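Undergrad: Following this line is target.txt, made up of compact mmCIF, N, CA and C atoms:
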# COMPACT_ATOMS: atom_id res chain seq x y z
N MET N 1 108.55 90.95 91.92
CA MET N 1 107.42 91.36 92.70
C MET N 1 107.81 91.49 94.17
N ARG N 2 107.26 92.50 94.81
CA ARG N 2 107.46 92.66 96.24
C ARG N 2 106.35 91.92 96.99
N ALA N 3 106.47 91.92 98.31
CA ALA N 3 105.46 91.27 99.14
C ALA N 3 104.09 91.90 98.91
N GLY N 4 103.06 91.09 98.94
CA GLY N 4 101.70 91.60 98.78
C GLY N 4 101.29 91.82 97.33
N GLY N 5 102.08 91.32 96.36
CA GLY N 5 101.72 91.45 94.97
C GLY N 5 102.01 92.82 94.38
N VAL N 6 102.75 93.66 95.09
CA VAL N 6 103.09 94.99 94.61
C VAL N 6 104.32 94.88 93.70
N VAL N 7 104.24 95.50 92.54
CA VAL N 7 105.33 95.46 91.57
C VAL N 7 106.08 96.78 91.60
N ASP N 8 107.39 96.70 91.57
CA ASP N 8 108.21 97.91 91.48
C ASP N 8 107.99 98.53 90.11
N PRO N 9 107.54 99.78 90.05
CA PRO N 9 107.22 100.39 88.74
C PRO N 9 108.42 100.49 87.81
N LEU N 10 109.61 100.54 88.34
CA LEU N 10 110.79 100.64 87.48
C LEU N 10 111.13 99.32 86.80
N THR N 11 110.62 98.21 87.32
CA THR N 11 110.91 96.91 86.72
C THR N 11 109.66 96.24 86.14
N ALA N 12 108.53 96.93 86.14
CA ALA N 12 107.28 96.36 85.64
C ALA N 12 107.37 96.13 84.13
N SER N 13 106.75 95.05 83.68
CA SER N 13 106.73 94.71 82.26
C SER N 13 105.32 94.90 81.70
N ARG N 14 105.18 94.68 80.41
CA ARG N 14 103.86 94.75 79.78
C ARG N 14 102.91 93.74 80.41
N ALA N 15 103.44 92.60 80.81
CA ALA N 15 102.60 91.58 81.45
C ALA N 15 102.02 92.11 82.76
N HIS N 16 102.82 92.85 83.53
CA HIS N 16 102.33 93.42 84.78
C HIS N 16 101.22 94.43 84.51
N VAL N 17 101.37 95.25 83.49
CA VAL N 17 100.34 96.23 83.14
C VAL N 17 99.08 95.51 82.68
N GLY N 18 99.25 94.42 81.95
CA GLY N 18 98.10 93.63 81.52
C GLY N 18 97.33 93.04 82.68
N VAL N 19 98.05 92.56 83.69
CA VAL N 19 97.40 92.03 84.89
C VAL N 19 96.65 93.14 85.60
N TYR N 20 97.23 94.34 85.64
CA TYR N 20 96.58 95.49 86.27
C TYR N 20 95.28 95.84 85.55
N VAL N 21 95.31 95.86 84.23
CA VAL N 21 94.10 96.18 83.44
C VAL N 21 93.04 95.11 83.67
N ARG N 22 93.45 93.85 83.68
CA ARG N 22 92.49 92.75 83.92
C ARG N 22 91.84 92.91 85.29
N GLU N 23 92.64 93.28 86.28
CA GLU N 23 92.11 93.48 87.64
C GLU N 23 91.11 94.63 87.67
N LEU N 24 91.37 95.69 86.91
CA LEU N 24 90.44 96.82 86.85
C LEU N 24 89.11 96.42 86.21
N THR N 25 89.17 95.55 85.20
CA THR N 25 87.94 95.15 84.51
C THR N 25 87.15 94.13 85.32
N ASP N 26 87.80 93.42 86.23
CA ASP N 26 87.12 92.40 87.04
C ASP N 26 86.74 92.89 88.43
N ARG N 27 87.24 94.05 88.81
CA ARG N 27 87.00 94.57 90.16
C ARG N 27 85.51 94.80 90.39
N PRO N 28 84.99 94.29 91.52
CA PRO N 28 83.56 94.52 91.79
C PRO N 28 83.28 95.99 92.09
N SER N 29 82.11 96.43 91.73
CA SER N 29 81.71 97.81 91.95
C SER N 29 81.53 98.08 93.43
N ARG N 30 81.93 99.27 93.89
CA ARG N 30 81.75 99.65 95.28
C ARG N 30 80.27 99.79 95.62
N ARG N 31 79.46 100.10 94.62
CA ARG N 31 78.03 100.28 94.85
C ARG N 31 77.29 98.96 94.99
N GLY N 32 77.91 97.89 94.54
CA GLY N 32 77.32 96.56 94.69
C GLY N 32 76.04 96.40 93.90
N ALA N 33 75.09 95.72 94.50
CA ALA N 33 73.84 95.39 93.81
C ALA N 33 72.85 96.55 93.79
N ASN N 34 73.19 97.69 94.38
CA ASN N 34 72.27 98.83 94.41
C ASN N 34 72.13 99.50 93.05
N VAL N 35 73.08 99.29 92.17
CA VAL N 35 73.05 99.90 90.84
C VAL N 35 72.29 98.97 89.90
N VAL N 36 71.31 99.52 89.21
CA VAL N 36 70.53 98.72 88.28
C VAL N 36 70.86 99.19 86.87
N ALA N 37 71.72 98.44 86.21
CA ALA N 37 72.10 98.72 84.84
C ALA N 37 72.57 97.42 84.20
N ILE N 38 72.57 97.38 82.90
CA ILE N 38 72.94 96.17 82.18
C ILE N 38 74.37 95.75 82.50
N ASP N 39 75.28 96.72 82.55
CA ASP N 39 76.70 96.38 82.73
C ASP N 39 77.20 96.65 84.14
N SER N 40 76.33 96.77 85.12
CA SER N 40 76.76 97.09 86.47
C SER N 40 77.20 95.84 87.23
N GLY N 41 77.90 96.08 88.32
CA GLY N 41 78.25 95.00 89.22
C GLY N 41 79.64 94.42 89.05
N CYS N 42 80.27 94.61 87.91
CA CYS N 42 81.59 94.02 87.72
C CYS N 42 82.46 94.94 86.88
N GLY N 43 83.61 95.28 87.41
CA GLY N 43 84.57 96.09 86.68
C GLY N 43 84.27 97.57 86.77
N LEU N 44 85.30 98.33 86.55
CA LEU N 44 85.17 99.78 86.53
C LEU N 44 84.67 100.23 85.17
N ALA N 45 84.18 101.43 85.10
CA ALA N 45 83.73 101.99 83.83
C ALA N 45 84.93 102.17 82.90
N ASN N 46 84.69 102.07 81.62
CA ASN N 46 85.75 102.20 80.63
C ASN N 46 86.48 103.54 80.78
N ALA N 47 85.75 104.61 81.02
CA ALA N 47 86.37 105.93 81.17
C ALA N 47 87.30 105.96 82.38
N THR N 48 86.91 105.29 83.46
CA THR N 48 87.75 105.25 84.66
C THR N 48 89.02 104.47 84.39
N ILE N 49 88.91 103.35 83.68
CA ILE N 49 90.09 102.56 83.33
C ILE N 49 91.03 103.39 82.46
N GLN N 50 90.49 104.12 81.50
CA GLN N 50 91.32 104.95 80.65
C GLN N 50 92.05 106.02 81.45
N GLN N 51 91.38 106.62 82.42
CA GLN N 51 92.03 107.64 83.25
C GLN N 51 93.20 107.04 84.03
N ARG N 52 93.01 105.86 84.56
CA ARG N 52 94.08 105.22 85.33
C ARG N 52 95.24 104.81 84.45
N LEU N 53 94.95 104.41 83.22
CA LEU N 53 96.03 104.01 82.31
C LEU N 53 96.82 105.21 81.79
N VAL N 54 96.19 106.38 81.73
CA VAL N 54 96.93 107.59 81.31
C VAL N 54 98.07 107.86 82.27
N SER N 55 97.85 107.71 83.55
CA SER N 55 98.91 107.95 84.51
C SER N 55 100.04 106.93 84.36
N VAL N 56 99.69 105.69 84.06
CA VAL N 56 100.71 104.65 83.84
C VAL N 56 101.52 104.99 82.60
N ARG N 57 100.82 105.36 81.51
CA ARG N 57 101.52 105.70 80.25
C ARG N 57 102.44 106.90 80.44
N LEU N 58 101.96 107.93 81.12
CA LEU N 58 102.77 109.13 81.33
C LEU N 58 104.00 108.85 82.19
N PHE N 59 103.86 107.93 83.16
CA PHE N 59 105.00 107.56 83.99
C PHE N 59 106.12 106.97 83.13
N TYR N 60 105.74 106.10 82.19
CA TYR N 60 106.76 105.42 81.36
C TYR N 60 107.23 106.29 80.20
N ASP N 61 106.49 107.32 79.85
CA ASP N 61 106.96 108.25 78.81
C ASP N 61 108.07 109.10 79.38
What is this file in structure tokens?
TA:
Amino acid sequence: MRAGGVVDPLTASRAHVGVYVRELTDRPSRRGANVVAIDSGCGLANATIQQRLVSVRLFYD
């Protein structure tokens, strides 16, 4: 790991990707409490997480 918790993509492991996915699911919403929905307020939408993981998968392919 580099300073600031940044991982070199060429040496990243499955564990690093797992930590990244966990961070995406726990990340607070930018909209905060203004959104009124059952699943609002914590984590990104599933579709957004999938979009971000496609770029990770394509990088390693």
Undergrad: So the first atom is CA of Gly18 in chain N and the second is CA of Asp61 in chain N; what is the distance between them in Å, to one decimal place?
TA: 17.3 Å
Undergrad: N:Gln51, N:Arg14, N:Val6, N:Leu44: which is nearest Arg27 in chain N, counting only N, CA and C atoms?
TA: N:Leu44
Undergrad: Give as a list in words every residue, naming chains and numbers as the document does, that has an atom within 8 Å of (90.7, 99.5, 88.1), counting all atoms listed in the file.
TA: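 Counting all atoms listed in the file, I find these residues within 8 Å of (90.7, 99.5, 88.1): Tyr20, Val21, Arg22, Glu23, Leu24, Thr25, Asp26, Arg27, Gly43, Leu44, Ala45, Thr48, Ile49 and Arg52 of chain N.
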Undergrad: Distance CA of Gln50 in chain N-CA of Val19 in chain N, one decimal place?
TA: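 CA of Val19 in chain N lies 14.9 Å from CA of Gln50 in chain N.
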Undergrad: Enter the distance from atom N of Val56 in chain N to CA of Leu10 in chain N, in Å, rounded to one decimal.
TA: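 That distance, rounded to one decimal, is 12.7 Å.
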Undergrad: At a cut-off of 9 Å, using only C-alpha atoms, what residues contact Phe59 in chain N? Leave out same-chain residues fewer than 4 positions from it and give the result as a ChimeraX atom specification.
TA: /N:9,54-55
